[in-house]
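Next comes entry.pdb, with PDB, C-alpha atoms.
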ATOM      1  CA  MET A   1     -35.386 -54.079   4.712  1.00  0.00           C
ATOM      2  CA  ALA A   2     -34.280 -50.775   3.186  1.00  0.00           C
ATOM      3  CA  SER A   3     -33.371 -50.809  -0.483  1.00  0.00           C
ATOM      4  CA  GLU A   4     -29.700 -50.140   0.188  1.00  0.00           C
ATOM      5  CA  GLU A   5     -29.580 -53.338   2.268  1.00  0.00           C
ATOM      6  CA  MET A   6     -30.608 -55.615  -0.612  1.00  0.00           C
ATOM      7  CA  ARG A   7     -27.599 -57.540  -1.841  1.00  0.00           C
ATOM      8  CA  TYR A   8     -27.028 -58.667  -5.385  1.00  0.00           C
ATOM      9  CA  GLY A   9     -25.557 -61.935  -6.471  1.00  0.00           C
ATOM     10  CA  MET A  10     -26.150 -65.115  -8.307  1.00  0.00           C
ATOM     11  CA  LEU A  11     -27.990 -67.563  -6.105  1.00  0.00           C
ATOM     12  CA  GLY A  12     -25.552 -70.298  -7.092  1.00  0.00           C
ATOM     13  CA  GLU A  13     -22.500 -68.476  -5.687  1.00  0.00           C
ATOM     14  CA  ASP A  14     -23.761 -68.477  -2.091  1.00  0.00           C
ATOM     15  CA  PRO A  15     -23.333 -71.641   0.071  1.00  0.00           C
ATOM     16  CA  ALA A  16     -26.668 -71.066   1.891  1.00  0.00           C
ATOM     17  CA  THR A  17     -29.820 -73.070   1.121  1.00  0.00           C
ATOM     18  CA  VAL A  18     -32.112 -71.832  -1.653  1.00  0.00           C
ATOM     19  CA  GLU A  19     -34.614 -70.592   0.943  1.00  0.00           C
ATOM     20  CA  GLU A  20     -31.881 -68.675   2.823  1.00  0.00           C
ATOM     21  CA  LYS A  21     -30.584 -67.167  -0.407  1.00  0.00           C
ATOM     22  CA  LEU A  22     -34.022 -66.035  -1.499  1.00  0.00           C
ATOM     23  CA  ALA A  23     -34.687 -64.438   1.888  1.00  0.00           C
ATOM     24  CA  LYS A  24     -31.319 -62.651   1.775  1.00  0.00           C
ATOM     25  CA  TYR A  25     -32.018 -61.099  -1.622  1.00  0.00           C
ATOM     26  CA  SER A  26     -35.574 -59.949  -0.900  1.00  0.00           C
ATOM     27  CA  GLY A  27     -37.051 -56.892   0.700  1.00  0.00           C
ATOM     28  CA  GLU A  28     -39.410 -53.957   0.531  1.00  0.00           C
ATOM     29  CA  VAL A  29     -38.394 -51.126  -1.790  1.00  0.00           C
ATOM     30  CA  GLY A  30     -39.793 -48.056  -3.512  1.00  0.00           C
ATOM     31  CA  TRP A  31     -40.107 -47.389  -7.247  1.00  0.00           C
ATOM     32  CA  GLU A  32     -36.875 -45.365  -7.298  1.00  0.00           C
ATOM     33  CA  TYR A  33     -34.949 -48.526  -6.425  1.00  0.00           C
ATOM     34  CA  LEU A  34     -36.693 -50.563  -9.131  1.00  0.00           C
ATOM     35  CA  LYS A  35     -36.515 -47.926 -11.862  1.00  0.00           C
ATOM     36  CA  ASP A  36     -32.950 -48.759 -12.939  1.00  0.00           C
ATOM     37  CA  HIS A  37     -33.873 -52.433 -13.226  1.00  0.00           C
ATOM     38  CA  TYR A  38     -36.859 -51.511 -15.404  1.00  0.00           C
ATOM     39  CA  GLU A  39     -34.602 -49.392 -17.624  1.00  0.00           C
ATOM     40  CA  ASN A  40     -32.209 -52.352 -17.940  1.00  0.00           C
ATOM     41  CA  GLY A  41     -35.079 -54.614 -19.016  1.00  0.00           C
ATOM     42  CA  VAL A  42     -34.744 -57.078 -16.118  1.00  0.00           C
ATOM     43  CA  LEU A  43     -37.745 -56.147 -13.955  1.00  0.00           C
ATOM     44  CA  PHE A  44     -40.705 -58.546 -13.787  1.00  0.00           C
ATOM     45  CA  PHE A  45     -44.089 -58.349 -12.071  1.00  0.00           C
ATOM     46  CA  VAL A  46     -45.190 -61.485 -10.186  1.00  0.00           C
ATOM     47  CA  ASP A  47     -48.917 -62.111  -9.781  1.00  0.00           C
ATOM     48  CA  PRO A  48     -50.104 -61.915  -6.142  1.00  0.00           C
ATOM     49  CA  ASP A  49     -51.347 -65.518  -6.366  1.00  0.00           C
ATOM     50  CA  LEU A  50     -47.720 -66.686  -6.656  1.00  0.00           C
ATOM     51  CA  LYS A  51     -45.015 -66.465  -4.026  1.00  0.00           C
ATOM     52  CA  LEU A  52     -42.015 -64.381  -5.065  1.00  0.00           C
ATOM     53  CA  GLU A  53     -39.779 -67.054  -3.550  1.00  0.00           C
ATOM     54  CA  GLU A  54     -41.426 -69.781  -5.645  1.00  0.00           C
ATOM     55  CA  VAL A  55     -40.799 -67.848  -8.854  1.00  0.00           C
ATOM     56  CA  GLY A  56     -37.268 -66.966  -7.751  1.00  0.00           C
ATOM     57  CA  ALA A  57     -36.510 -70.607  -6.984  1.00  0.00           C
ATOM     58  CA  ALA A  58     -37.800 -71.652 -10.424  1.00  0.00           C
ATOM     59  CA  ILE A  59     -35.574 -69.052 -12.092  1.00  0.00           C
ATOM     60  CA  SER A  60     -32.513 -70.088 -10.086  1.00  0.00           C
ATOM     61  CA  ALA A  61     -33.174 -73.762 -10.952  1.00  0.00           C
ATOM     62  CA  ASP A  62     -33.677 -72.849 -14.635  1.00  0.00           C
ATOM     63  CA  GLU A  63     -37.156 -74.417 -14.705  1.00  0.00           C
ATOM     64  CA  THR A  64     -37.815 -73.200 -18.235  1.00  0.00           C
ATOM     65  CA  GLU A  65     -41.176 -74.927 -18.735  1.00  0.00           C
ATOM     66  CA  GLN A  66     -42.637 -73.486 -15.528  1.00  0.00           C
ATOM     67  CA  ILE A  67     -41.310 -70.011 -16.259  1.00  0.00           C
ATOM     68  CA  GLN A  68     -42.712 -70.130 -19.808  1.00  0.00           C
ATOM     69  CA  ALA A  69     -46.090 -71.227 -18.400  1.00  0.00           C
ATOM     70  CA  TRP A  70     -46.142 -68.241 -16.020  1.00  0.00           C
ATOM     71  CA  LEU A  71     -45.172 -65.892 -18.839  1.00  0.00           C
ATOM     72  CA  LYS A  72     -47.871 -67.318 -21.099  1.00  0.00           C
ATOM     73  CA  SER A  73     -50.555 -67.027 -18.402  1.00  0.00           C
ATOM     74  CA  ALA A  74     -49.356 -63.498 -17.471  1.00  0.00           C
ATOM     75  CA  ASP A  75     -48.583 -64.593 -13.912  1.00  0.00           C
ATOM     76  CA  LEU A  76     -45.061 -63.349 -14.653  1.00  0.00           C
ATOM     77  CA  VAL A  77     -44.915 -60.171 -16.745  1.00  0.00           C
ATOM     78  CA  LYS A  78     -42.035 -58.013 -17.881  1.00  0.00           C
ATOM     79  CA  ILE A  79     -42.641 -54.485 -16.575  1.00  0.00           C
ATOM     80  CA  GLU A  80     -43.580 -52.115 -19.401  1.00  0.00           C
ATOM     81  CA  GLY A  81     -44.303 -48.404 -19.746  1.00  0.00           C
ATOM     82  CA  LEU A  82     -47.960 -48.785 -18.737  1.00  0.00           C
ATOM     83  CA  HIS A  83     -46.902 -50.031 -15.311  1.00  0.00           C
ATOM     84  CA  VAL A  84     -44.287 -47.313 -14.976  1.00  0.00           C
ATOM     85  CA  ALA A  85     -46.846 -44.602 -15.688  1.00  0.00           C
ATOM     86  CA  GLN A  86     -48.874 -45.832 -12.701  1.00  0.00           C
ATOM     87  CA  TRP A  87     -45.920 -45.896 -10.308  1.00  0.00           C
ATOM     88  CA  GLU A  88     -43.577 -43.127 -11.471  1.00  0.00           C
ATOM     89  CA  ASP A  89     -44.701 -40.313  -9.185  1.00  0.00           C
ATOM     90  CA  THR A  90     -46.076 -42.275  -6.265  1.00  0.00           C
ATOM     91  CA  ASP A  91     -44.882 -43.534  -2.908  1.00  0.00           C
ATOM     92  CA  GLN A  92     -45.827 -47.084  -3.931  1.00  0.00           C
ATOM     93  CA  GLN A  93     -43.831 -49.746  -2.092  1.00  0.00           C
ATOM     94  CA  PHE A  94     -43.004 -53.139  -3.569  1.00  0.00           C
ATOM     95  CA  GLN A  95     -41.963 -56.571  -2.441  1.00  0.00           C
ATOM     96  CA  ALA A  96     -38.853 -57.333  -4.468  1.00  0.00           C
ATOM     97  CA  LEU A  97     -36.570 -60.295  -4.967  1.00  0.00           C
ATOM     98  CA  VAL A  98     -33.244 -60.230  -6.798  1.00  0.00           C
ATOM     99  CA  VAL A  99     -32.420 -63.375  -8.763  1.00  0.00           C
ATOM    100  CA  SER A 100     -29.556 -61.963 -10.766  1.00  0.00           C
ATOM    101  CA  PRO A 101     -29.772 -60.749 -13.401  1.00  0.00           C
ATOM    102  CA  PHE A 102     -33.530 -60.436 -12.825  1.00  0.00           C
ATOM    103  CA  VAL A 103     -35.552 -58.541 -10.259  1.00  0.00           C
ATOM    104  CA  LEU A 104     -39.038 -59.766  -9.372  1.00  0.00           C
ATOM    105  CA  CYS A 105     -41.557 -57.431  -7.798  1.00  0.00           C
ATOM    106  CA  ARG A 106     -45.161 -56.741  -6.915  1.00  0.00           C
ATOM    107  CA  PRO A 107     -46.832 -53.691  -5.368  1.00  0.00           C
ATOM    108  CA  ILE A 108     -47.699 -53.864  -1.702  1.00  0.00           C
ATOM    109  CA  SER A 109     -51.377 -53.028  -1.135  1.00  0.00           C
TER     110      SER A 109
END

Rendering of file as structure tokens:
Amino acid sequence: MASEEMRYGMLGEDPATVEEKLAKYSGEVGWEYLKDHYENGVLFFVDPDLKLEEVGAAISADETEQIQAWLKSADLVKIEGLHVAQWEDTDQQFQALVVSPFVLCRPIS
């Protein structure tokens, strides 16, 4: 899915199932698409051992304890300058999932 095709929206405002909503708001994008989200402080890296959809579902369900556990274990990490330096001038592609106001991502190998 091209970056311009990703739709934004709160998962709760859509009558589809959680799985359908997560699929609708996910796709493959380049760093240029994610850069604005990084600058707004809402971009998070999801460890490859986790499914983006699983993390997105936990965020949409406000599963605070699970989210805190992922943050503590660094399975969910807020993107910082060190990451940006690695991706800024590359053609790196990412899996991304919008769970407004957050965007979850991970590089595609």

A:His37 surroundings by only C-alpha atoms, 12 Å radius, close-in-sequence under 2 positions cut, as a list in words: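 Surrounding residues, per the criterion: Trp31, Glu32, Tyr33, Leu34, Lys35, Glu39, Asn40, Gly41, Val42, Leu43, Phe44, Phe45, Lys78, Ile79, Glu80, Val84, Ala96, Leu97, Val98, Val99, Ser100, Pro101, Phe102, Val103, Leu104 and Cys105 of chain A.
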
Among the residues A:Asp47, A:Val18, A:Glu28, A:Gln92, the one that comes closest to A:Ile59 [using all atoms listed in the file]: A:Val18

Emit as AutoDock Vina command-line options the padded axis-aligned box for all listed atoms of stretch 20-32 of chain A, 5 Å per side, with centre and edge lengths in Å to one decimal.
--center_x -35.3 --center_y -57.0 --center_z -2.2 --size_x 19.5 --size_y 33.3 --size_z 20.1

Gap from atom CA of A:Ile67 to atom CA of A:Glu54 - Å, one decimal: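 Separating atom CA of A:Ile67 from atom CA of A:Glu54 is a distance of 10.6 Å.
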
Pick from A:Ser73, A:Gln68, A:Ser26, A:Ser60, whichever lies nearest to A:Phe94 using all atoms listed in the file: A:Ser26

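We find atom CA of A:Val46 and atom CA of A:Val77 to be spaced 6.7 Å apart.
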
Atom CA of A:Trp87 to atom CA of A:Lys72, distance in Å rounded to a single decimal: 24.1 Å

Long-range neighbours of A:Ala57 as an MDAnalysis selection string, 10 Å cut-off, only C-alpha atoms, 6 positions minimum in chain: chainID A and resid 11 18:19 21:22 51 63 99

A:Gly30 environment, 12 Å, only C-alpha atoms, sequence neighbours closer than 5 positions dropped, as number ranges by chain: A: 1-4, 35-36, 87-96, 105-108

Option closest in space to A:Tyr38, from A:Glu53, A:Gly81, A:Asp75, A:Gln86 [counting all atoms listed in the file]: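 Of the candidates, the smallest distance to A:Tyr38 is held by A:Gly81.
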
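Proximity ranking of A:Leu52, A:Leu82, A:Asp62, A:Pro15 relative to A:Gly27 places A:Leu52 first, based on all atoms listed in the file.
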
Atoms kept (N, CA and C atoms) for stretch 32-44 of chain A, as a CSV table (one decimal), in the first residue's frame:
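Everything below was put into out_5.csv:
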chain,number,residue,atom,x,y,z
A,32,GLU,N,10.3,9.1,4.5
A,32,GLU,CA,9.7,10.4,4.3
A,32,GLU,C,8.3,10.5,4.9
A,33,TYR,N,7.6,9.4,4.8
A,33,TYR,CA,6.2,9.4,5.3
A,33,TYR,C,6.2,9.5,6.8
A,34,LEU,N,7.2,8.7,7.4
A,34,LEU,CA,7.2,8.6,8.9
A,34,LEU,C,7.9,9.9,9.6
A,35,LYS,N,8.6,10.6,8.8
A,35,LYS,CA,9.4,11.7,9.4
A,35,LYS,C,8.5,12.7,10.2
A,36,ASP,N,7.4,13.1,9.6
A,36,ASP,CA,6.5,14.1,10.3
A,36,ASP,C,6.0,13.5,11.6
A,37,HIS,N,5.7,12.2,11.6
A,37,HIS,CA,5.2,11.6,12.8
A,37,HIS,C,6.3,11.6,13.9
A,38,TYR,N,7.6,11.3,13.5
A,38,TYR,CA,8.7,11.4,14.4
A,38,TYR,C,8.8,12.8,15.0
A,39,GLU,N,8.7,13.8,14.1
A,39,GLU,CA,8.9,15.2,14.5
A,39,GLU,C,7.7,15.6,15.5
A,40,ASN,N,6.6,15.0,15.4
A,40,ASN,CA,5.5,15.2,16.3
A,40,ASN,C,5.5,14.4,17.5
A,41,GLY,N,6.5,13.5,17.7
A,41,GLY,CA,6.7,12.7,18.9
A,41,GLY,C,5.7,11.6,19.0
A,42,VAL,N,5.2,11.1,17.9
A,42,VAL,CA,4.2,10.0,18.0
A,42,VAL,C,4.6,8.7,17.3
A,43,LEU,N,5.9,8.6,16.9
A,43,LEU,CA,6.3,7.5,16.2
A,43,LEU,C,7.0,6.5,17.1
A,44,PHE,N,6.6,5.2,17.1
A,44,PHE,CA,7.2,4.2,17.9
A,44,PHE,C,7.7,3.0,17.1
